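Student: This is the structure, below, for whatever I ask next.
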Amino acid sequence: MIAKCLQTSTAIRYVAVLTCLLIIAGCQTNTQPQATPKKPVTAASVPEPATAIEPSKTPLVIHLDITTPQPANSKPRYSAIDLAEDKVAIIPKDTIVLPQVAMTSTLPAPQQQPDSMATDHTEVATSIAPVAPSIDTPPESDIAKPSTLNQINPAEQQQQLLDLADSMLAAGHIDLSLNLLQQINIDLLPQASWGHYLESMATGYLLTGDSYTALQWLDQAQTLDPAPDQASHKKRLALLQKAYTNNEQFLQAALSAMALTDGHDPENNNSVPLLTNNNMIWNLLMQVPKQQLRRHLQSSPPATTKAWLELALSTHGLINIDLQQQAIMVWQVNNPLHPAAVQLPTALSELVDLQPRQTQKLALLLPTSGPLSKIGQAVIDGFMANYYAAMSQCKKPCTSLPQLVFINSHTIQDWQQFYTDMENQQIDLIIGPLDKSRVDRIHNLKQRNIPTLALNFLSSDNDNLTLADKAGLDSQLSQALLTHLEQRIPDQPIARKTEQPTLFQFSPSVEDEARQLATRGYHQGLRQALIIQANSRWAQRASDAFQQQWQALGGQVTGQISYSGDGDHADSISKVLLTDNSKERRRALQKTIAENVRFEPRRRQDVDLVLILALPEDARQLMPTLAFHHAADITVYSTHHAYQGPTESTRDRDLNRMYFSDIPWMLEPDVIADQVAGLWPNRQRYSRLFALGADAFLLYPRLQQMQIFNTTRVQGMTGLLSLDDQDRITANLTWARFQRGQPKVQSQ
């Protein structure tokens with residue numbers, strides 16, 4: 001009788017253990033490390049993982065064999081429908097169920113992962129084959145199985161849980177896999193599996209879009225398992241490359257991709273993987289600021305890395321395709337056994353074979369009179385600064401620079417006749433105009449036979465930052481210019497694009513900047529944003545663009561408030577952080593108990609990012625006010641509007657901790673920017689317009705190249721420039737943070 005009791009007790013423990021595993025597998029908890037809940041990311045929205053971590057399409061099959069005594073006429077405690085809806089059965093302590101249950105659970109890889117597992121229509125096939133053994137004389141096999149389970153040590157249990165999590169991850173059940181991984185006690189896991197466990201955690205977070213947390217897990221993997229086997233080493237490099245790329249740390253991503261080619265044998269190379277990796281490296285290097293490339297080159301990197309950096313820098317600053325082709329061929333001669341020389345990246349190999357279209361005569365179509373004359377002259381000055389710098393480097397006689405023709409756009413009335421005149425003068429390219437209405441007129445022309453680089457966007461796009469905003473002009477002048485820059489031509493609709501020479505559009509955009517902030521914040525693991533914005537048109541446009549991108553990625557906007565700039569910052573922040581609600585609760589409590597209450601107000605806890613859309617004077621007041629309302633620990637982002645420009649004073653000390661984006665001209669000025677500052681020391685308010693003109697010079701000889709090779713990037717003073725499918729040139733800005741009152745550029 002005692003033996004039977006022991007057998008029954010062992011069987012109950014067996015059932016309890018397996019029930020725990022089922023509950024763990026069915027729970028749907030938050031997969032993020034923050035205290036606040038996060039919305040699960042759908043598999044469809046997750047970036048394509050590296051080859052080593054692609055989810056398997058093979059369904060996961062779990063076989064469970066449970067043996068416990070039960071009456072022969074008992075019914076199953078849960079059905080296929082229960083499991084499909086993630087229902088958990090509560091089993092009373094005095095109930096023993098399911099004799100000899102063989103359960104097969106088939107979980108196909110989801111096409112789209114839902115917000116909760118309750119809505120996941122998982123197919124589950126349950127097969128129950130009851131066997132009714134005699135309670136008095138149980139079969140010997142039924143007695144042996146529980147004792148076998150008791151022999152599994154904790155390390156083996158943790159390993160089985162890790163294997164199950166990997167199976168879930170391979171099947172595409174990312175959140176479920178992370179839930180299982182978080183149940184593992186790494187101290188009990190065999191040391192040989194530590195690296196595997198940390199790689200799985202990194203893979204899971206990477207697939208959710210949280211590349212910042214993924215990098216933290218990979219860093220732990222390197223610390224706890226610094227000498228992995230070859231396969232694990234390659235897997236980590238692939239994960240690092242993907243995580244760094246998503247986190248916009250392009251140099252580190254390129255270095256990880258370079259490490260994947262270490263040990264390559266040029267005599268026995270597999271050309272397809274090598275070319276693919278070389279293309280990846282080149283595309284990443286093209287997104288690294290040239291200053292960062294130069295700094296890393298000075299740090300004495302390995303020979304292969306050094307040659308890659310030299311190749312990336314070899315074409316910088318070259319004004320035409322001929323010079324770029326020569327530089328590439330010289331590099332190949334000097335590095336014949338380099339992986340990139342064995343398989344030249346596609347963009348470079350095609351560039352070498354490209355027959356360039358030379359610009360011999362160029363027209364600058366900019367206003368030199370009228371209300372936009374100061375803006376037009378600033379753009380011209382920036383263009384000419386780069387033009388003269390190129391001329392000083394050009395061998396005499398200089399044939400690579402075009403002849404310039406200056407035209408006052410303010411005086412043009414008949415635009416069709418203007419293009420006819422330019423064609424008669426054999427103009428190869430037109431740069432300008434500046435204001436939106438003239439760009440619209442040019443776009444609507446029936447015949448336009450000359451490529452044009454407009455320095456504004458079409459009105460139909462309705463998403464550009466006005467040049468008045470870029471110039472940082474005083475409010476009175478800004479209002480005067482706003483009418484001219486954004487005025488539409490009455491009753492003249494925008495025509496469809498015809499097969500005419502391309503109308504390129506180039507102008508920094510506040511919407512593009514806001515979308516970049518949203519993408520960066522999401523990839524850093526932030527999910528819940530609070531928006532504090534000025535009551536102005538540009539701030540509303542930036543807010544709309546940020547919210548659209550943020551929510552598309554999977555983030556949530558938990559609050560939004562605008563202020564008028566009339567000293568109401570404290571009230572606005574108190575309302576949006578809900579600290580006024582906390583104060584109201586204190587007053588109610590004090591009234592109830594008729595005693596003074598020692599009180600410290602609390603802010604809302606569902607925020608991990610604050611976006612401030614404000615001009616410098618307001619931003620300097622908003623940051624201390626946030627700290628006063630117990631929000632000093634929240635990450636703060638802002639657009640370039642919060643930064644007034646370089647200063648030796650301490651005026652920006654209250655902006656400490658704030659992250660913001662801006663053009664390289666303002667944060668990392670090169671030689672040309674320093675020369676312009678020396679020539680025009682009192683025209684700081686036009687700095688962004690100088691940069692616009694300087695980049696127009698860099699762009700004109702590369703427009704053909706950017707059209708043909710969509711991976712082409714140009715390192716400009718307004719950002720990293722690229723061409724999209726609508727012939728719009730967009731700029732990826734530089735990232736900085738205020739420290740001790742000064743902006744410090746953050747590594748990309």
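So you can find residues: chains in the structure tokens are A, B, ... in the order shown, residues in each start at 1, and ligands are numbered from 1 in order.
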Listing only residues of region 184-292 of chain A within 12 Å of region 721-745 of chain A, what is the closest atom pair and its distance in Å (to one decimal) for each, using only C-alpha atoms, sorted by chain and residue number ascending, as a Markdown table?

Tutor:
```
| residue | atom | partner | partner_atom | distance |
| --- | --- | --- | --- | --- |
| A:Glu248 | CA | A:Trp735 | CA | 10.1 |
| A:Gln249 | CA | A:Trp735 | CA | 10.9 |
| A:Asn283 | CA | A:Ser722 | CA | 11.7 |
| A:Met286 | CA | A:Leu721 | CA | 10.0 |
| A:Gln287 | CA | A:Asn732 | CA | 8.7 |
| A:Val288 | CA | A:Thr734 | CA | 10.3 |
| A:Pro289 | CA | A:Thr734 | CA | 8.6 |
| A:Lys290 | CA | A:Thr734 | CA | 11.9 |
| A:Gln291 | CA | A:Val745 | CA | 11.1 |
| A:Gln292 | CA | A:Val745 | CA | 10.4 |
```

Student: Quick one: residues within 9 Å of Tyr197 (chain A), only C-alpha atoms, excluding same-chain residues fewer than 3 positions away - as a list of chain:residue names?

Tutor: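 So the residues in contact are A:Leu162, A:Leu181, A:Ile184, A:Ile186, A:Leu189, A:Ser193, A:Trp194, A:Ser200, A:Met201, A:Ala202, A:Ala221.
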
Student: Selection from above, C-alpha atoms, as a CSV table (one decimal), in the first residue's frame, can you write it?

Tutor:
```csv
chain,number,residue,atom,x,y,z
A,162,LEU,CA,16.4,26.3,-24.4
A,181,LEU,CA,14.1,32.1,-22.8
A,184,ILE,CA,15.8,30.0,-18.1
A,186,ILE,CA,21.6,30.8,-16.8
A,189,LEU,CA,22.3,26.0,-17.7
A,193,SER,CA,25.3,26.5,-23.8
A,194,TRP,CA,25.7,30.0,-22.4
A,200,SER,CA,19.0,33.2,-29.0
A,201,MET,CA,18.1,36.1,-26.8
A,202,ALA,CA,19.8,38.5,-29.2
A,221,ALA,CA,27.8,36.6,-25.2
```

Student: Mind pulling up the distance from CA of Gln547 (chain A) to CA of Ala518 (chain A)?

Tutor: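 The value is 7.8 Å.
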
Student: Would you pick out the contacts of region 397-401 of chain A at 12 Å or less, using only C-alpha atoms, so that residues sharing its chain but fewer than 4 positions from it are not included, and give the list as an NGL selection string?

Tutor: :A and (318-323 or 356-362 or 384 or 386-393 or 697-698 or 700-701)

Student: Check the smallest atom-to-atom distance from each of A:Gln343, A:Gln528, A:Thr625, A:Ser572 to Asp608 (chain A) using only C-alpha atoms, then report the winner.

Tutor: A:Gln528

Student: Which residues are near Asn246 (chain A)? Cut-off 8 Å, only C-alpha atoms, ignore same chain within fewer than 2 positions. Put them as a count of residues only.

Tutor: 8

Student: Neighbouring residues of Gly716 (chain A) were defined as those with any atom within 8 Å, considering only C-alpha atoms; residues of the same chain fewer than 2 positions away were excluded. Please report them as a ChimeraX atom specification.

Tutor: /A:664,694-695,698,714,718-721

Student: Selection from above, C-alpha atoms, as a compact mmCIF listing (two decimals), in the first residue's frame, can you write it?

Tutor:
```txt
# COMPACT_ATOMS: atom_id res chain seq x y z
CA PRO A 664 26.92 68.04 -40.55
CA ALA A 694 27.55 73.71 -51.20
CA ASP A 695 25.72 70.39 -51.61
CA LEU A 698 28.49 68.18 -54.93
CA VAL A 714 26.96 61.51 -51.43
CA THR A 718 23.33 68.81 -45.24
CA GLY A 719 23.68 65.08 -44.53
CA LEU A 720 24.21 61.79 -46.28
CA LEU A 721 22.40 62.32 -49.58
```

Student: Mind listing the helix (DSSP H, G or I) residues of region 210-325 of chain A, per DSSP on the backbone, as a VMD selection string?

Tutor: chain A and resid 211 to 224 230 to 246 250 to 259 266 to 268 271 to 285 290 to 297 303 to 314 321 to 325

Student: Which residues come within 10 Å of Thr558 (chain A), counting only C-alpha atoms, excluding same-chain residues fewer than 6 positions away, as a CSV table (one decimal) with N, CA and C atoms, in the first residue's frame?

Tutor:
```
chain,number,residue,atom,x,y,z
A,527,ARG,N,9.5,52.6,-26.9
A,527,ARG,CA,8.3,52.2,-27.4
A,527,ARG,C,7.1,53.1,-27.2
A,528,GLN,N,7.2,53.9,-26.1
A,528,GLN,CA,6.1,54.8,-25.7
A,528,GLN,C,6.5,56.2,-25.6
A,529,ALA,N,6.0,57.0,-26.6
A,529,ALA,CA,6.5,58.4,-26.7
A,529,ALA,C,5.4,59.4,-26.3
A,530,LEU,N,6.0,60.5,-25.8
A,530,LEU,CA,5.2,61.7,-25.3
A,530,LEU,C,5.7,62.9,-26.2
A,531,ILE,N,4.8,63.6,-26.8
A,531,ILE,CA,5.2,64.7,-27.7
A,531,ILE,C,4.8,66.1,-27.1
A,576,VAL,N,0.5,67.0,-19.2
A,576,VAL,CA,0.8,65.8,-20.0
A,576,VAL,C,1.5,64.7,-19.3
A,577,LEU,N,2.2,65.0,-18.2
A,577,LEU,CA,2.8,64.0,-17.3
A,577,LEU,C,1.9,63.5,-16.2
A,604,ARG,N,3.3,60.0,-14.7
A,604,ARG,CA,2.8,58.8,-15.4
A,604,ARG,C,4.1,57.9,-15.7
A,606,ASP,N,4.0,55.4,-18.1
A,606,ASP,CA,3.9,54.8,-19.4
A,606,ASP,C,4.7,55.6,-20.5
A,607,VAL,N,5.8,56.1,-20.2
A,607,VAL,CA,6.6,57.0,-21.2
A,607,VAL,C,8.1,56.6,-21.1
A,608,ASP,N,8.7,56.3,-22.2
A,608,ASP,CA,10.1,56.1,-22.2
A,608,ASP,C,10.9,57.0,-23.2
A,609,LEU,N,10.1,57.9,-23.9
A,609,LEU,CA,10.7,58.9,-24.8
A,609,LEU,C,9.8,60.1,-24.8
```

Student: Quick one, how far is CA of Glu513 (chain A) from CA of Arg651 (chain A)?

Tutor: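 We find that CA of Glu513 (chain A) and CA of Arg651 (chain A) lie 24.5 Å from each other.
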
Student: Just asking: which residues within region 672-745 of chain A are strand (DSSP E or B) according to DSSP, as an MDAnalysis selection string?

Tutor: chainID A and resid 714:715 720:723 728:732 734:739 742:745
